[in-house]
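All remarks here apply to the structure that follows.
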Number of protein chains: 2
Amino acid sequence: MRDEAVRAFVPGHVTAFFAPHHHAEPARAGSTGAGITLDDGVTISVSRAAGTSIVVNGESISMEPVDRVLTDLELTAHIQAETPLSIGTGFGVSGAIALGTALAGNVLCDGTWSENELISLAHRAEVEAGTGLGDVVAQARGGVPIRLSPGDPLHGRLDGVPRTTRIEYLTYGDVSTPEVLAGDTEPIESAGSAALSRIQAQPSLEVLFGAARTFARDAGLETETVAGVIEEVQANGGEAAMAMLGETVLALGTGLSDAGYSPAVCHVHPGGAMLLDGDSEVE
Amino acid sequence: MRDEAVRAFVPGHVTAFFAPHHHAEPARAGSTGAGITLDDGVTISVSRAAGTSIVVNGESISMEPVDRVLTDLELTAHIQAETPLSIGTGFGVSGAIALGTALAGNVLCDGTWSENELISLAHRAEVEAGTGLGDVVAQARGGVPIRLSPGDPLHGRLDGVPRTTRIEYLTYGDVSTPEVLAGDTEPIESAGSAALSRIQAQPSLEVLFGAARTFARDAGLETETVAGVIEEVQANGGEAAMAMLGETVLALGTGLSDAGYSPAVCHVHPGGAMLLDGDSEVE
């Protein structure tokens, strides 16, 4: 039993394209697709408390998937999260806090969940809350994950684009994931499957960005603002695409700054979610 | 096409226990078991050259798995590796150099292998050369990997002990992996399966070290020197075990220093193998 806070870091994850997969069992539900994990992520600190509270960048919020994770761990805790990313704009912040809470919470209560079980816990919490379908498994892996089949680590299958790079991004606003998923998802499914075939045939960053642009248009998700920015980046010889789901533009290398914008700058996160506090340093 | 060197970092990997699994297809062969990846690892630099050469810590050596990887990538290259670990003492150095060569070599020749395909390439090269059975898939994952079923990422299945910690180690000498694997492996298989059941039932670091000690004795692999050191660490309330395969003692936290030794100190590596040079910084 520990009294100190335990911390975890979980990278941000921008989905480039996806196809939702519904299933009665949350462990088998999720999405196929691909995206990029970012070293701009979330640092989550979990400490014991009489009641559960969640504070992100100093602001108290409620977050259903995090509550679900804590319930499954049989833990009441104070969750404090710090991140340069904003919620609801396509960076997987809720998935990051759910996964970080699972990893750190398990250490805090001296739990005996395995790594896959904790990833599954956070994945199911996101699916059940309707806040995400594929962020958690991608954030656990790191790099540029390709989600070949949906679900938690026991049911899903992942590959990756074996590249690292500088990434730039600009956020204009949020898009409601639950609203998009509640609408007609047939165009998303068909565009997402087509994009997945392209990245499987040629797992490169250029194909990822191209497939993401085609997906956003064919799925009817691209906004006018985003389309305009992407056009300018491409006119300057760069690669850019829209984040799923957020009014956010992601560019390869110096794509946005070359086009005259002042973007946030980060890099592909190589390793995926990680605990920051070890057993033997604390005990 | 690139002319600059491309670099990768691959963590060291100490196997705690294992059961070899033979199969005619190298992608399905390998081992089950568990181990610890270390942030003491290998930095591999791959650059184009008219002929292939491998230099580790300034010394020219031949390394069959690395030659196999380069042949599959259709690349001749100069491989330069730097590491605080020594070869043949149970740290997976050959697996690290094979995997790092695959990851960096693919970027160097602008290849279109996926991440899983590159891990498979290095895994098969190790199996075919007889130099390793499970290091590569563990080194690709990072953390404290449990190898639930043998083989490359398409055939094998991994989980992990979700903990991080300080690790200490001391090396007394090398043990020949090919020699051990050429002997009677029945005691190893049966002790390895028993140890795997224990860590699956309770994925903690304490169980990992306990299962590793029982394995080393039951499999007849523990040396007298190693047994003596482990006994002293345990007498001081610490956890230690022998590396498979090397005359190396690994201890949790400050186990070896508490017992009066002057060990090397490192930590669990959270992320697994990673490219150090990105696309957009170099181009």
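Letters A, B, ... mark the chains of the structure tokens in the order given; residue numbers begin at 1 per chain; ligand numbers begin at 1, in order shown.
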
List every residue of segment 191-256 of chain B that DSSP, applied to the backbone of this structure, assigns to alpha helix (DSSP H), and report them as a PDB file with all heavy atoms, in the first residue's frame.
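Okay, states-v9.pdb is ready:
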ATOM      1  N   ALA B 191      10.933 -26.345 -16.797  1.00  0.00           N
ATOM      2  CA  ALA B 191      11.091 -25.278 -15.794  1.00  0.00           C
ATOM      3  C   ALA B 191      10.594 -23.939 -16.335  1.00  0.00           C
ATOM      4  O   ALA B 191      10.007 -23.138 -15.597  1.00  0.00           O
ATOM      5  CB  ALA B 191      12.560 -25.165 -15.382  1.00  0.00           C
ATOM      6  N   GLY B 192      10.798 -23.713 -17.631  1.00  0.00           N
ATOM      7  CA  GLY B 192      10.361 -22.460 -18.247  1.00  0.00           C
ATOM      8  C   GLY B 192       8.845 -22.337 -18.280  1.00  0.00           C
ATOM      9  O   GLY B 192       8.292 -21.258 -18.027  1.00  0.00           O
ATOM     10  N   SER B 193       8.160 -23.445 -18.565  1.00  0.00           N
ATOM     11  CA  SER B 193       6.689 -23.417 -18.587  1.00  0.00           C
ATOM     12  C   SER B 193       6.129 -23.167 -17.201  1.00  0.00           C
ATOM     13  O   SER B 193       5.154 -22.422 -17.039  1.00  0.00           O
ATOM     14  CB  SER B 193       6.132 -24.739 -19.125  1.00  0.00           C
ATOM     15  OG  SER B 193       6.597 -24.939 -20.432  1.00  0.00           O
ATOM     16  N   ALA B 194       6.739 -23.797 -16.196  1.00  0.00           N
ATOM     17  CA  ALA B 194       6.286 -23.590 -14.809  1.00  0.00           C
ATOM     18  C   ALA B 194       6.451 -22.129 -14.400  1.00  0.00           C
ATOM     19  O   ALA B 194       5.562 -21.527 -13.776  1.00  0.00           O
ATOM     20  CB  ALA B 194       7.062 -24.506 -13.863  1.00  0.00           C
ATOM     21  N   ALA B 195       7.585 -21.529 -14.759  1.00  0.00           N
ATOM     22  CA  ALA B 195       7.846 -20.131 -14.397  1.00  0.00           C
ATOM     23  C   ALA B 195       6.860 -19.198 -15.104  1.00  0.00           C
ATOM     24  O   ALA B 195       6.368 -18.232 -14.516  1.00  0.00           O
ATOM     25  CB  ALA B 195       9.284 -19.756 -14.764  1.00  0.00           C
ATOM     26  N   LEU B 196       6.545 -19.509 -16.360  1.00  0.00           N
ATOM     27  CA  LEU B 196       5.599 -18.679 -17.112  1.00  0.00           C
ATOM     28  C   LEU B 196       4.217 -18.677 -16.450  1.00  0.00           C
ATOM     29  O   LEU B 196       3.568 -17.627 -16.345  1.00  0.00           O
ATOM     30  CB  LEU B 196       5.495 -19.165 -18.571  1.00  0.00           C
ATOM     31  CG  LEU B 196       4.575 -18.346 -19.496  1.00  0.00           C
ATOM     32  CD1 LEU B 196       5.051 -16.896 -19.621  1.00  0.00           C
ATOM     33  CD2 LEU B 196       4.492 -18.980 -20.891  1.00  0.00           C
ATOM     34  N   SER B 197       3.786 -19.846 -15.985  1.00  0.00           N
ATOM     35  CA  SER B 197       2.489 -19.915 -15.289  1.00  0.00           C
ATOM     36  C   SER B 197       2.487 -19.020 -14.054  1.00  0.00           C
ATOM     37  O   SER B 197       1.489 -18.364 -13.763  1.00  0.00           O
ATOM     38  CB  SER B 197       2.174 -21.352 -14.861  1.00  0.00           C
ATOM     39  OG  SER B 197       2.128 -22.186 -15.986  1.00  0.00           O
ATOM     40  N   ARG B 198       3.618 -19.003 -13.341  1.00  0.00           N
ATOM     41  CA  ARG B 198       3.684 -18.177 -12.123  1.00  0.00           C
ATOM     42  C   ARG B 198       3.548 -16.690 -12.439  1.00  0.00           C
ATOM     43  O   ARG B 198       2.810 -15.962 -11.763  1.00  0.00           O
ATOM     44  CB  ARG B 198       5.010 -18.414 -11.386  1.00  0.00           C
ATOM     45  CG  ARG B 198       5.038 -19.717 -10.608  1.00  0.00           C
ATOM     46  CD  ARG B 198       6.366 -19.919  -9.894  1.00  0.00           C
ATOM     47  NE  ARG B 198       6.628 -18.925  -8.860  1.00  0.00           N
ATOM     48  CZ  ARG B 198       7.781 -18.833  -8.197  1.00  0.00           C
ATOM     49  NH1 ARG B 198       8.777 -19.673  -8.467  1.00  0.00           N
ATOM     50  NH2 ARG B 198       7.943 -17.927  -7.261  1.00  0.00           N
ATOM     51  N   ILE B 199       4.270 -16.206 -13.467  1.00  0.00           N
ATOM     52  CA  ILE B 199       4.243 -14.765 -13.758  1.00  0.00           C
ATOM     53  C   ILE B 199       2.897 -14.362 -14.376  1.00  0.00           C
ATOM     54  O   ILE B 199       2.429 -13.234 -14.190  1.00  0.00           O
ATOM     55  CB  ILE B 199       5.434 -14.337 -14.656  1.00  0.00           C
ATOM     56  CG1 ILE B 199       5.626 -12.819 -14.621  1.00  0.00           C
ATOM     57  CG2 ILE B 199       5.261 -14.762 -16.090  1.00  0.00           C
ATOM     58  CD1 ILE B 199       6.217 -12.289 -13.359  1.00  0.00           C
ATOM     59  N   GLN B 200       2.250 -15.298 -15.086  1.00  0.00           N
ATOM     60  CA  GLN B 200       0.923 -14.978 -15.645  1.00  0.00           C
ATOM     61  C   GLN B 200      -0.102 -14.831 -14.529  1.00  0.00           C
ATOM     62  O   GLN B 200      -0.977 -13.981 -14.577  1.00  0.00           O
ATOM     63  CB  GLN B 200       0.470 -16.072 -16.619  1.00  0.00           C
ATOM     64  CG  GLN B 200       1.150 -15.970 -17.975  1.00  0.00           C
ATOM     65  CD  GLN B 200       0.498 -16.905 -18.985  1.00  0.00           C
ATOM     66  OE1 GLN B 200       0.921 -18.055 -19.143  1.00  0.00           O
ATOM     67  NE2 GLN B 200      -0.532 -16.421 -19.657  1.00  0.00           N
ATOM     68  N   ALA B 201       0.017 -15.693 -13.499  1.00  0.00           N
ATOM     69  CA  ALA B 201      -0.918 -15.631 -12.376  1.00  0.00           C
ATOM     70  C   ALA B 201      -0.718 -14.359 -11.558  1.00  0.00           C
ATOM     71  O   ALA B 201      -1.677 -13.785 -11.038  1.00  0.00           O
ATOM     72  CB  ALA B 201      -0.739 -16.860 -11.485  1.00  0.00           C
ATOM     73  N   LEU B 205       7.208  -7.815 -10.101  1.00  0.00           N
ATOM     74  CA  LEU B 205       8.668  -7.945 -10.213  1.00  0.00           C
ATOM     75  C   LEU B 205       9.204  -8.966  -9.221  1.00  0.00           C
ATOM     76  O   LEU B 205      10.152  -9.695  -9.515  1.00  0.00           O
ATOM     77  CB  LEU B 205       9.326  -6.578  -9.988  1.00  0.00           C
ATOM     78  CG  LEU B 205       9.076  -5.548 -11.098  1.00  0.00           C
ATOM     79  CD1 LEU B 205       9.549  -4.166 -10.677  1.00  0.00           C
ATOM     80  CD2 LEU B 205       9.770  -5.975 -12.398  1.00  0.00           C
ATOM     81  N   GLU B 206       8.582  -9.051  -8.026  1.00  0.00           N
ATOM     82  CA  GLU B 206       9.034 -10.005  -7.011  1.00  0.00           C
ATOM     83  C   GLU B 206       8.822 -11.441  -7.514  1.00  0.00           C
ATOM     84  O   GLU B 206       9.703 -12.293  -7.375  1.00  0.00           O
ATOM     85  CB  GLU B 206       8.281  -9.786  -5.697  1.00  0.00           C
ATOM     86  CG  GLU B 206       8.639  -8.485  -4.979  1.00  0.00           C
ATOM     87  CD  GLU B 206       8.137  -7.221  -5.691  1.00  0.00           C
ATOM     88  OE1 GLU B 206       7.170  -7.320  -6.490  1.00  0.00           O
ATOM     89  OE2 GLU B 206       8.733  -6.142  -5.479  1.00  0.00           O
ATOM     90  N   VAL B 207       7.660 -11.703  -8.110  1.00  0.00           N
ATOM     91  CA  VAL B 207       7.396 -13.035  -8.663  1.00  0.00           C
ATOM     92  C   VAL B 207       8.353 -13.332  -9.814  1.00  0.00           C
ATOM     93  O   VAL B 207       8.863 -14.451  -9.957  1.00  0.00           O
ATOM     94  CB  VAL B 207       5.917 -13.158  -9.118  1.00  0.00           C
ATOM     95  CG1 VAL B 207       5.696 -14.443  -9.916  1.00  0.00           C
ATOM     96  CG2 VAL B 207       4.989 -13.131  -7.897  1.00  0.00           C
ATOM     97  N   LEU B 208       8.650 -12.307 -10.630  1.00  0.00           N
ATOM     98  CA  LEU B 208       9.586 -12.499 -11.742  1.00  0.00           C
ATOM     99  C   LEU B 208      10.940 -12.985 -11.229  1.00  0.00           C
ATOM    100  O   LEU B 208      11.511 -13.951 -11.755  1.00  0.00           O
ATOM    101  CB  LEU B 208       9.768 -11.185 -12.507  1.00  0.00           C
ATOM    102  CG  LEU B 208      10.678 -11.260 -13.741  1.00  0.00           C
ATOM    103  CD1 LEU B 208       9.935 -11.879 -14.914  1.00  0.00           C
ATOM    104  CD2 LEU B 208      11.205  -9.892 -14.144  1.00  0.00           C
ATOM    105  N   PHE B 209      11.475 -12.332 -10.193  1.00  0.00           N
ATOM    106  CA  PHE B 209      12.786 -12.723  -9.657  1.00  0.00           C
ATOM    107  C   PHE B 209      12.720 -14.107  -8.988  1.00  0.00           C
ATOM    108  O   PHE B 209      13.633 -14.920  -9.157  1.00  0.00           O
ATOM    109  CB  PHE B 209      13.325 -11.660  -8.689  1.00  0.00           C
ATOM    110  CG  PHE B 209      14.022 -10.534  -9.402  1.00  0.00           C
ATOM    111  CD1 PHE B 209      13.302  -9.482  -9.951  1.00  0.00           C
ATOM    112  CD2 PHE B 209      15.400 -10.543  -9.561  1.00  0.00           C
ATOM    113  CE1 PHE B 209      13.936  -8.450 -10.633  1.00  0.00           C
ATOM    114  CE2 PHE B 209      16.054  -9.519 -10.240  1.00  0.00           C
ATOM    115  CZ  PHE B 209      15.324  -8.473 -10.771  1.00  0.00           C
ATOM    116  N   GLY B 210      11.654 -14.371  -8.245  1.00  0.00           N
ATOM    117  CA  GLY B 210      11.510 -15.681  -7.608  1.00  0.00           C
ATOM    118  C   GLY B 210      11.416 -16.798  -8.638  1.00  0.00           C
ATOM    119  O   GLY B 210      12.088 -17.834  -8.523  1.00  0.00           O
ATOM    120  N   ALA B 211      10.606 -16.575  -9.665  1.00  0.00           N
ATOM    121  CA  ALA B 211      10.428 -17.586 -10.719  1.00  0.00           C
ATOM    122  C   ALA B 211      11.745 -17.802 -11.466  1.00  0.00           C
ATOM    123  O   ALA B 211      12.073 -18.930 -11.865  1.00  0.00           O
ATOM    124  CB  ALA B 211       9.322 -17.157 -11.677  1.00  0.00           C
ATOM    125  N   ALA B 212      12.515 -16.719 -11.655  1.00  0.00           N
ATOM    126  CA  ALA B 212      13.794 -16.824 -12.362  1.00  0.00           C
ATOM    127  C   ALA B 212      14.793 -17.681 -11.569  1.00  0.00           C
ATOM    128  O   ALA B 212      15.522 -18.491 -12.142  1.00  0.00           O
ATOM    129  CB  ALA B 212      14.366 -15.426 -12.604  1.00  0.00           C
ATOM    130  N   ARG B 213      14.817 -17.506 -10.244  1.00  0.00           N
ATOM    131  CA  ARG B 213      15.747 -18.297  -9.419  1.00  0.00           C
ATOM    132  C   ARG B 213      15.407 -19.786  -9.466  1.00  0.00           C
ATOM    133  O   ARG B 213      16.276 -20.631  -9.651  1.00  0.00           O
ATOM    134  CB  ARG B 213      15.724 -17.808  -7.963  1.00  0.00           C
ATOM    135  CG  ARG B 213      16.451 -16.494  -7.744  1.00  0.00           C
ATOM    136  CD  ARG B 213      16.655 -16.210  -6.253  1.00  0.00           C
ATOM    137  NE  ARG B 213      15.395 -16.069  -5.533  1.00  0.00           N
ATOM    138  CZ  ARG B 213      14.768 -14.910  -5.332  1.00  0.00           C
ATOM    139  NH1 ARG B 213      15.255 -13.786  -5.823  1.00  0.00           N
ATOM    140  NH2 ARG B 213      13.642 -14.865  -4.665  1.00  0.00           N
ATOM    141  N   THR B 214      14.107 -20.103  -9.298  1.00  0.00           N
ATOM    142  CA  THR B 214      13.671 -21.500  -9.367  1.00  0.00           C
ATOM    143  C   THR B 214      14.005 -22.092 -10.735  1.00  0.00           C
ATOM    144  O   THR B 214      14.492 -23.221 -10.848  1.00  0.00           O
ATOM    145  CB  THR B 214      12.148 -21.588  -9.118  1.00  0.00           C
ATOM    146  OG1 THR B 214      11.858 -20.879  -7.917  1.00  0.00           O
ATOM    147  CG2 THR B 214      11.688 -23.029  -9.003  1.00  0.00           C
ATOM    148  N   PHE B 215      13.752 -21.307 -11.795  1.00  0.00           N
ATOM    149  CA  PHE B 215      14.033 -21.760 -13.163  1.00  0.00           C
ATOM    150  C   PHE B 215      15.512 -22.124 -13.328  1.00  0.00           C
ATOM    151  O   PHE B 215      15.846 -23.197 -13.836  1.00  0.00           O
ATOM    152  CB  PHE B 215      13.651 -20.668 -14.171  1.00  0.00           C
ATOM    153  CG  PHE B 215      14.166 -20.934 -15.556  1.00  0.00           C
ATOM    154  CD1 PHE B 215      13.489 -21.793 -16.410  1.00  0.00           C
ATOM    155  CD2 PHE B 215      15.350 -20.349 -16.001  1.00  0.00           C
ATOM    156  CE1 PHE B 215      13.979 -22.067 -17.687  1.00  0.00           C
ATOM    157  CE2 PHE B 215      15.847 -20.608 -17.264  1.00  0.00           C
ATOM    158  CZ  PHE B 215      15.161 -21.466 -18.110  1.00  0.00           C
ATOM    159  N   ALA B 216      16.394 -21.195 -12.910  1.00  0.00           N
ATOM    160  CA  ALA B 216      17.838 -21.396 -13.131  1.00  0.00           C
ATOM    161  C   ALA B 216      18.333 -22.664 -12.442  1.00  0.00           C
ATOM    162  O   ALA B 216      19.168 -23.397 -12.979  1.00  0.00           O
ATOM    163  CB  ALA B 216      18.616 -20.175 -12.633  1.00  0.00           C
ATOM    164  N   ARG B 217      17.779 -22.944 -11.237  1.00  0.00           N
ATOM    165  CA  ARG B 217      18.177 -24.166 -10.520  1.00  0.00           C
ATOM    166  C   ARG B 217      17.598 -25.404 -11.192  1.00  0.00           C
ATOM    167  O   ARG B 217      18.317 -26.344 -11.509  1.00  0.00           O
ATOM    168  CB  ARG B 217      17.711 -24.102  -9.064  1.00  0.00           C
ATOM    169  CG  ARG B 217      18.664 -23.291  -8.198  1.00  0.00           C
ATOM    170  CD  ARG B 217      18.030 -22.832  -6.888  1.00  0.00           C
ATOM    171  NE  ARG B 217      18.563 -21.523  -6.529  1.00  0.00           N
ATOM    172  CZ  ARG B 217      17.966 -20.652  -5.720  1.00  0.00           C
ATOM    173  NH1 ARG B 217      16.788 -20.958  -5.170  1.00  0.00           N
ATOM    174  NH2 ARG B 217      18.519 -19.496  -5.463  1.00  0.00           N
ATOM    175  N   ASP B 218      16.281 -25.385 -11.429  1.00  0.00           N
ATOM    176  CA  ASP B 218      15.613 -26.564 -11.998  1.00  0.00           C
ATOM    177  C   ASP B 218      16.133 -26.885 -13.409  1.00  0.00           C
ATOM    178  O   ASP B 218      16.151 -28.039 -13.824  1.00  0.00           O
ATOM    179  CB  ASP B 218      14.096 -26.357 -12.041  1.00  0.00           C
ATOM    180  CG  ASP B 218      13.496 -26.325 -10.637  1.00  0.00           C
ATOM    181  OD1 ASP B 218      14.253 -26.572  -9.670  1.00  0.00           O
ATOM    182  OD2 ASP B 218      12.290 -26.052 -10.506  1.00  0.00           O
ATOM    183  N   GLU B 224      28.023 -21.655  -9.820  1.00  0.00           N
ATOM    184  CA  GLU B 224      28.336 -21.507  -8.387  1.00  0.00           C
ATOM    185  C   GLU B 224      28.557 -20.059  -7.989  1.00  0.00           C
ATOM    186  O   GLU B 224      28.058 -19.585  -6.958  1.00  0.00           O
ATOM    187  CB  GLU B 224      29.607 -22.297  -8.049  1.00  0.00           C
ATOM    188  CG  GLU B 224      29.332 -23.487  -7.152  1.00  0.00           C
ATOM    189  CD  GLU B 224      30.600 -24.275  -6.904  1.00  0.00           C
ATOM    190  OE1 GLU B 224      31.443 -23.794  -6.104  1.00  0.00           O
ATOM    191  OE2 GLU B 224      30.765 -25.354  -7.518  1.00  0.00           O
ATOM    192  N   THR B 225      29.312 -19.337  -8.837  1.00  0.00           N
ATOM    193  CA  THR B 225      29.590 -17.921  -8.561  1.00  0.00           C
ATOM    194  C   THR B 225      28.281 -17.151  -8.435  1.00  0.00           C
ATOM    195  O   THR B 225      28.055 -16.410  -7.472  1.00  0.00           O
ATOM    196  CB  THR B 225      30.407 -17.308  -9.723  1.00  0.00           C
ATOM    197  OG1 THR B 225      31.510 -18.158  -9.976  1.00  0.00           O
ATOM    198  CG2 THR B 225      30.868 -15.905  -9.395  1.00  0.00           C
ATOM    199  N   VAL B 226      27.406 -17.336  -9.425  1.00  0.00           N
ATOM    200  CA  VAL B 226      26.124 -16.621  -9.448  1.00  0.00           C
ATOM    201  C   VAL B 226      25.283 -16.995  -8.231  1.00  0.00           C
ATOM    202  O   VAL B 226      24.700 -16.121  -7.570  1.00  0.00           O
ATOM    203  CB  VAL B 226      25.375 -16.904 -10.768  1.00  0.00           C
ATOM    204  CG1 VAL B 226      23.897 -16.541 -10.654  1.00  0.00           C
ATOM    205  CG2 VAL B 226      26.019 -16.154 -11.930  1.00  0.00           C
ATOM    206  N   ALA B 227      25.231 -18.277  -7.904  1.00  0.00           N
ATOM    207  CA  ALA B 227      24.432 -18.734  -6.756  1.00  0.00           C
ATOM    208  C   ALA B 227      24.882 -18.043  -5.476  1.00  0.00           C
ATOM    209  O   ALA B 227      24.062 -17.634  -4.651  1.00  0.00           O
ATOM    210  CB  ALA B 227      24.529 -20.251  -6.619  1.00  0.00           C
ATOM    211  N   GLY B 228      26.195 -17.899  -5.309  1.00  0.00           N
ATOM    212  CA  GLY B 228      26.741 -17.256  -4.117  1.00  0.00           C
ATOM    213  C   GLY B 228      26.323 -15.797  -4.002  1.00  0.00           C
ATOM    214  O   GLY B 228      25.938 -15.318  -2.926  1.00  0.00           O
ATOM    215  N   VAL B 229      26.401 -15.088  -5.114  1.00  0.00           N
ATOM    216  CA  VAL B 229      26.034 -13.662  -5.107  1.00  0.00           C
ATOM    217  C   VAL B 229      24.542 -13.498  -4.806  1.00  0.00           C
ATOM    218  O   VAL B 229      24.142 -12.652  -3.991  1.00  0.00           O
ATOM    219  CB  VAL B 229      26.388 -12.997  -6.454  1.00  0.00           C
ATOM    220  CG1 VAL B 229      25.940 -11.532  -6.453  1.00  0.00           C
ATOM    221  CG2 VAL B 229      27.885 -13.094  -6.727  1.00  0.00           C
ATOM    222  N   ILE B 230      23.726 -14.319  -5.454  1.00  0.00           N
ATOM    223  CA  ILE B 230      22.269 -14.224  -5.248  1.00  0.00           C
ATOM    224  C   ILE B 230      21.931 -14.460  -3.776  1.00  0.00           C
ATOM    225  O   ILE B 230      21.109 -13.762  -3.178  1.00  0.00           O
ATOM    226  CB  ILE B 230      21.524 -15.231  -6.153  1.00  0.00           C
ATOM    227  CG1 ILE B 230      21.633 -14.798  -7.622  1.00  0.00           C
ATOM    228  CG2 ILE B 230      20.060 -15.377  -5.740  1.00  0.00           C
ATOM    229  CD1 ILE B 230      21.044 -15.778  -8.620  1.00  0.00           C
ATOM    230  N   GLU B 231      22.610 -15.456  -3.187  1.00  0.00           N
ATOM    231  CA  GLU B 231      22.376 -15.771  -1.781  1.00  0.00           C
ATOM    232  C   GLU B 231      22.669 -14.560  -0.884  1.00  0.00           C
ATOM    233  O   GLU B 231      21.908 -14.245   0.027  1.00  0.00           O
ATOM    234  CB  GLU B 231      23.293 -16.932  -1.382  1.00  0.00           C
ATOM    235  CG  GLU B 231      22.692 -17.859  -0.355  1.00  0.00           C
ATOM    236  CD  GLU B 231      23.493 -19.156  -0.303  1.00  0.00           C
ATOM    237  OE1 GLU B 231      23.318 -20.009  -1.207  1.00  0.00           O
ATOM    238  OE2 GLU B 231      24.306 -19.300   0.633  1.00  0.00           O
ATOM    239  N   GLU B 232      23.756 -13.879  -1.170  1.00  0.00           N
ATOM    240  CA  GLU B 232      24.116 -12.701  -0.356  1.00  0.00           C
ATOM    241  C   GLU B 232      23.110 -11.574  -0.515  1.00  0.00           C
ATOM    242  O   GLU B 232      22.785 -10.894   0.453  1.00  0.00           O
ATOM    243  CB  GLU B 232      25.511 -12.214  -0.736  1.00  0.00           C
ATOM    244  CG  GLU B 232      26.604 -13.127  -0.196  1.00  0.00           C
ATOM    245  CD  GLU B 232      27.960 -12.458  -0.307  1.00  0.00           C
ATOM    246  OE1 GLU B 232      28.132 -11.375   0.288  1.00  0.00           O
ATOM    247  OE2 GLU B 232      28.825 -13.007  -1.011  1.00  0.00           O
ATOM    248  N   VAL B 233      22.636 -11.365  -1.759  1.00  0.00           N
ATOM    249  CA  VAL B 233      21.627 -10.318  -1.981  1.00  0.00           C
ATOM    250  C   VAL B 233      20.363 -10.656  -1.202  1.00  0.00           C
ATOM    251  O   VAL B 233      19.789  -9.792  -0.522  1.00  0.00           O
ATOM    252  CB  VAL B 233      21.313 -10.154  -3.483  1.00  0.00           C
ATOM    253  CG1 VAL B 233      20.126  -9.210  -3.679  1.00  0.00           C
ATOM    254  CG2 VAL B 233      22.536  -9.644  -4.240  1.00  0.00           C
ATOM    255  N   GLN B 234      19.958 -11.936  -1.264  1.00  0.00           N
ATOM    256  CA  GLN B 234      18.741 -12.343  -0.543  1.00  0.00           C
ATOM    257  C   GLN B 234      18.924 -12.232   0.981  1.00  0.00           C
ATOM    258  O   GLN B 234      17.999 -11.852   1.692  1.00  0.00           O
ATOM    259  CB  GLN B 234      18.352 -13.762  -0.921  1.00  0.00           C
ATOM    260  CG  GLN B 234      17.789 -13.856  -2.335  1.00  0.00           C
ATOM    261  CD  GLN B 234      17.130 -15.198  -2.576  1.00  0.00           C
ATOM    262  OE1 GLN B 234      17.809 -16.178  -2.890  1.00  0.00           O
ATOM    263  NE2 GLN B 234      15.824 -15.258  -2.402  1.00  0.00           N
ATOM    264  N   ALA B 235      20.130 -12.570   1.448  1.00  0.00           N
ATOM    265  CA  ALA B 235      20.409 -12.464   2.888  1.00  0.00           C
ATOM    266  C   ALA B 235      20.277 -11.027   3.373  1.00  0.00           C
ATOM    267  O   ALA B 235      19.976 -10.769   4.534  1.00  0.00           O
ATOM    268  CB  ALA B 235      21.813 -13.005   3.180  1.00  0.00           C
ATOM    269  N   GLY B 255      19.609  -3.973  -4.609  1.00  0.00           N
ATOM    270  CA  GLY B 255      19.922  -5.285  -4.054  1.00  0.00           C
ATOM    271  C   GLY B 255      21.397  -5.607  -3.994  1.00  0.00           C
ATOM    272  O   GLY B 255      21.904  -6.092  -2.965  1.00  0.00           O
ATOM    273  N   LEU B 256      22.148  -5.356  -5.070  1.00  0.00           N
ATOM    274  CA  LEU B 256      23.575  -5.693  -5.079  1.00  0.00           C
ATOM    275  C   LEU B 256      24.385  -4.712  -4.246  1.00  0.00           C
ATOM    276  O   LEU B 256      25.274  -5.126  -3.493  1.00  0.00           O
ATOM    277  CB  LEU B 256      24.094  -5.739  -6.525  1.00  0.00           C
ATOM    278  CG  LEU B 256      23.799  -7.035  -7.288  1.00  0.00           C
ATOM    279  CD1 LEU B 256      23.888  -6.828  -8.803  1.00  0.00           C
ATOM    280  CD2 LEU B 256      24.775  -8.147  -6.880  1.00  0.00           C
TER     281      LEU B 256
END

Notebook entry, point to check: Using only C-alpha atoms, which residues sit within 8 Å of Pro65 of chain A once same-chain residues fewer than 4 positions away are excluded, as a PyMOL selection string?
Noted result: chain A and resi 69+94-95+98+122+125-126+128-129+131

Margin query: At a cut-off of 12 Å, using only C-alpha atoms, what residues contact Asp72 of chain B? Leave out same-chain residues fewer than 5 positions from it and give the result as a list in words.
Written below: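 Result of the neighbour search: Pro65, Val66, Asp67, Ala98, Thr101, Ala102, Gly105, Asn106, Cys109, Gly111, Trp113, Glu117, Leu118, Ser120, Leu121, Ala122, Arg124 and Ala125 of chain B.
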
Next item on the list: Would you kindly return, as a PyMOL selection string, each protein, DNA or RNA residue with an atom no farther than 9 Å from any atom of segment 163-175 of chain A, considering only C-alpha atoms and excluding same-chain residues fewer than 2 positions away?
Entry: (chain A and resi 38+86-90+143-144+160-161+177+179-180+204-205+225-226+244-257+261-270) or (chain B and resi 103+107+115+274-281)

Item checked: DSSP strand (DSSP E) selection over segment 63-180 of chain A, as a list in words -> Ala77, His78, Ile79, Gln80, Ala81, Glu82, Pro145, Ile146, Arg147, Leu148, Ser149, Arg157, Leu158, Asp159, Gly160, Arg166, Ile167, Glu168, Tyr169, Leu170, Thr171, Tyr172 and Gly173 of chain A

Item checked: Among listed residues B:His13, B:Arg157, B:His78, B:His23, nearest chain A (using only C-alpha atoms) ->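 Selected residue with least distance to chain A: B:Arg157.
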
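Once segment 5-11 of chain B and its same-chain neighbours fewer than 5 positions away are set aside, Thr37, Leu38, Asp39, Asp40, Gly41, Val42, Thr43, Ile44, Ser45, Val46, Ser47, Ala96, Gly100, Leu103, Ala104, Leu108, Gln139, His269, Gly272, Ala273, Met274, Leu275, Leu276 and Asp277 of chain B remain within 7 Å of it when counting only C-alpha atoms.
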